[in-house]
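A quick write-up on the structure given underneath.
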Amino acid sequence: MPPNLKSALSWAPALVGAVLVATDVEARIWTVGPSGREYTQLSTLFNGNDLAPGDVVEVDGNATYASAVMGEDDGGAPGNPVIVRWRRVPGASRPVLQGGTHAFKFQRSNHVVFEGFEIRGGASTCLFSEAHEITVRDAVIHACPGHGILGADLNSGSFTLEFSEIYDAGAGSTRHPIYMQSDEIAYPGSVFRMRFNYVHDGNGGNLLKNRHERAEIHSNWFEGALYQEIELIGPDCETQAAGWTRATKREDAELLNNVIVHTSTGWPHAIRIGGDLNGASDGRVRMVGNTILFDRPGGATAVYVQLGAGSLEMHNNAIFQIDGAAPAIVRENTAADAPLCAPFTTSPWSGGRNVAGSRNWVQSTASFVPAEWADTRSGGDPGLRDIPLRHLRPSTSSPLRNAGLNHPPSPMAFPMPWALPRIGFDPPPRAKLAVGDQRARIPQGHFTVDIGALEEVDIDSLIGPFELPGSVPRVRPRVHTGAARPASAAPVPPFQRRRCVITQCGGQ
């Protein structure tokens with residue numbers, strides 16, 4: 001046998017053993033709590049260890065912890081994240097992260113799931129993401145003197161925010177309850193997913209300011225911004241990585257099944273698209289099945305277009321202003337200041353006006369209703385159940401009932417590059433939604449969708465909840481969001497009376 005082959009074979013058992021050891025490492029559970037745990041602070045855990053993909057960090061409730069930074073050596077891997085979560089026990093309150101410059105920061109710690117925390121009091125930001133593939137779930141973020149959630153200009157990628165509540169955050173015109181952007185050089189193709197959240201009572205800025213490459217904003221309740229509830233624009237041209245230009249990517253966004261309530265007395269616009277002085281999107285915006293309500297006096301605008309939008313597509317949206325006023329529907333800013341970066345054009349559209357839509361409901365006295373829309377519905381009152389109480393489902397006599405299109409097509413000239421989901425969901429009922437408690441949106445009359453964000457009848461009233469004698473529940477019980485989930489469900493009674501049938505729901 002040649003010496004070199006013999007030498008190579010002598011290494012084979014060691015190599016096989018090393019591979020087996022490397023692939024057989026079990027994920028570890030780390031514990032954090034005020035007493036009786038491995039660590040008393042998340043910061044100590046992160047600073048003293050390198051977490052590995054699949055690791056789980058369980059944090060006790062009924063306690064307040066100092067701010068923490070989760071570093072690059074504590075991230076997970078694609079499909080195998082590190083999970084940092086509240087250790088739920090009956091009667092316990094959420095663990096609180098408080099203070100510091102950022103109450104919690106993902107510092108290039110990619111692939112992390114972060115669940116169940118209350119976060120407050122970060123001087124600059126309550127939750128700062130400088131990372132990729134982050135999921136923030138079941139969080140309560142408030143009392144933030146600056147940003148509530150901030151995505152970094154650099155080193156940030158995909159981010160999912162779900163089942164969370166954000167309020168009492170933002171300041172002035174530059175600090176926002178949620179401010180998201182992605183690094184289009186480091187993480188091209190990143191997605192910002194925002195679903196089943198309740199965002200309200202902002203102290204400054206926009207409830208959501210978004211510069212992300214792709215934003216999917218589905219089934220949320222927005223109410224009470226100082227400025228816009230939602231702004232959809234392009235990346236900040238002065239802070240991008242080397243090699244970035246405005247032509248690098250187009251920033252597209254989709255708003256689906258959201259309730260958007262604009263109450264600001266000092267700002268007329270609910271949604272702004274296109275650009276600000278720092279960045280234009282050139283992007284396509286698709287809005288389907290949203291309810292946009294103005295509870296403010298004076299002039300109002302549903303969608304304000306300025307400084308470089310690519311296109312606007314709207315279907316099945318209900319837009320209404322109370323107390324006899326009526327909003328502008330799609331209005332253009334034709335007198336904007338010149339942007340800070342080239343090209344220095346001030347046109348509201350980046351390539352000419354591109355607008356399409358169908359089956360939207362507006363007031364008969366509304367202005368700037370797009371002529372490009374087809375089959376627009378109008379009237380004096382959309383017939384919502386109780387606007388002051390924010391019961392925004394259509395009443396039995398509402399013109400919104402069974403008046404939408406189930407799957408409206410995108411225009412051929414400027415189609416959205418991803419398909420609408422097959423199943424929609426209700427937004428939260430003006431309250432934080434428990435994880436897993438989202439409700440499917442089921443069209444009723446001839447299975448035709450209602451216009452707006454909500455159907456006349458919710459799924460619970462439509463099909464139950466009910467059970468046959470001796471069967472397990474068909475619909476999960478609702479869980480109060482402020483308390484821990486029970487370790488085991490209560491015994492199921494042998495029979496539960498059917499609460500409702502389709503023809504006998506009493507308008508509920």
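Chain lettering (A, B, ...) mirrors the order of the structure tokens, residue numbering begins at 1 for each chain separately, and ligand numbering begins at 1 in order of display.
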
Mind the document's chain letters and residue numbers, and return as a list in words the residues of range 343-466 of chain A that DSSP labels alpha helix (DSSP H).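 So the alpha helix (DSSP H) residues in range 343-466 of chain A would be Ile459, Asp460, Ser461, Leu462 and Ile463 of chain A.
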
Backbone DSSP call of strand (DSSP E) for range 96-271 of chain A, listed as a PyMOL selection string: chain A and resi 96-98+102-107+112-115+118-120+125-130+134-137+140-142+147-151+159-162+165-167+178-180+192-195+198-200+208-210+214-218+221-223+230-232+252-256+259-262+269-271

Residue neighbourhood range 260-269 of chain A, 6 Å, only C-alpha atoms, exclusion window fewer than 6 positions, as a ChimeraX atom specification: /A:222-224,226-228,292-296,300-301

Go through A:Leu256, A:Ala242, A:Val32, A:Val84 and flag the residue nearest Thr44 in chain A, using only C-alpha atoms for the distances.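 Comparing A:Leu256, A:Ala242, A:Val32, A:Val84 against Thr44 in chain A, the winner is A:Val32.
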
Residues at most 6 Å from Ala92 in chain A, counting only C-alpha atoms, excluding those fewer than 2 positions away in the same chain, as a list in words?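 Surrounding residues, per the criterion: Gly61, Asn62, Val89, Pro90 and Ala484 of chain A.
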
For Gly352 in chain A, please output as a list of chain:residue names all residues within 10 Å (counting only C-alpha atoms; exclusion window: fewer than 5 positions along the same chain).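 Result of the neighbour search: A:Gly308, A:Ala309, A:Gly310, A:Ser311, A:Ser347.
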
Considering only C-alpha atoms, give me a table of residues in range 153-191 of chain A that are at most 12 Å from range 99-118 of chain A, with the closest atom pair and distance in Å for each, as a tab-separated table.
residue	atom	partner	partner_atom	distance
A:Leu154	CA	A:Arg108	CA	9.9
A:Asn155	CA	A:Arg108	CA	6.8
A:Ser156	CA	A:Arg108	CA	7.8
A:Gly157	CA	A:Asn110	CA	8.9
A:Ser158	CA	A:His111	CA	9.4
A:Phe159	CA	A:His111	CA	9.7
A:Thr160	CA	A:Val113	CA	9.3
A:Leu161	CA	A:Phe114	CA	9.9
A:Glu162	CA	A:Glu115	CA	9.7
A:Phe163	CA	A:Gly116	CA	9.7
A:Ser164	CA	A:Gly116	CA	8.9
A:Glu165	CA	A:Glu118	CA	9.5
A:Ile166	CA	A:Glu118	CA	10.0
A:Tyr167	CA	A:Glu118	CA	11.7
A:Ala186	CA	A:Arg108	CA	11.5
A:Tyr187	CA	A:Asn110	CA	11.3

Mind checking which residues fall within 6 Å of range 168-176 of chain A, counting only C-alpha atoms, ignoring those fewer than 4 positions away in the same chain, and posting them as a ChimeraX atom specification? /A:142-144,146-148,201-206

Suppose we keep C-alpha atoms; can you now write the selection as a PDB file, in the first residue's frame?
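Below is the file again-v3.pdb, written as the result:
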ATOM      1  CA  HIS A 142     -44.645  50.019  25.441  1.00  0.00           C
ATOM      2  CA  ALA A 143     -43.362  52.954  27.487  1.00  0.00           C
ATOM      3  CA  CYS A 144     -40.686  53.572  24.848  1.00  0.00           C
ATOM      4  CA  GLY A 146     -37.915  56.539  21.340  1.00  0.00           C
ATOM      5  CA  HIS A 147     -38.678  53.780  18.858  1.00  0.00           C
ATOM      6  CA  GLY A 148     -40.749  50.802  19.900  1.00  0.00           C
ATOM      7  CA  ASP A 201     -51.757  55.145  20.775  1.00  0.00           C
ATOM      8  CA  GLY A 202     -48.445  56.292  19.372  1.00  0.00           C
ATOM      9  CA  ASN A 203     -46.664  59.209  21.010  1.00  0.00           C
ATOM     10  CA  GLY A 204     -44.833  60.272  17.857  1.00  0.00           C
ATOM     11  CA  GLY A 205     -44.104  59.430  14.253  1.00  0.00           C
ATOM     12  CA  ASN A 206     -46.036  56.784  12.336  1.00  0.00           C
TER      13      ASN A 206
END

Straight-line distance linking CA of Pro429 in chain A with CA of Ser397 in chain A, stated in Å to one decimal: 21.5 Å

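Comparing A:Gln181, A:Gln240, A:Ser395, A:Thr245 by their smallest distance to Arg214 in chain A, the closest is A:Gln181 (using only C-alpha atoms).
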
For Gly274 in chain A, please output as a ChimeraX atom specification all residues within 8 Å (counting only C-alpha atoms; exclusion window: fewer than 4 positions along the same chain). /A:232-234,280-283,305-310,348-349

Can you work out which one of A:Glu313, A:Val191, A:Asn290, A:Val362 has the shortest atom-to-atom distance to Ala325 in chain A, counting only C-alpha atoms? A:Val362
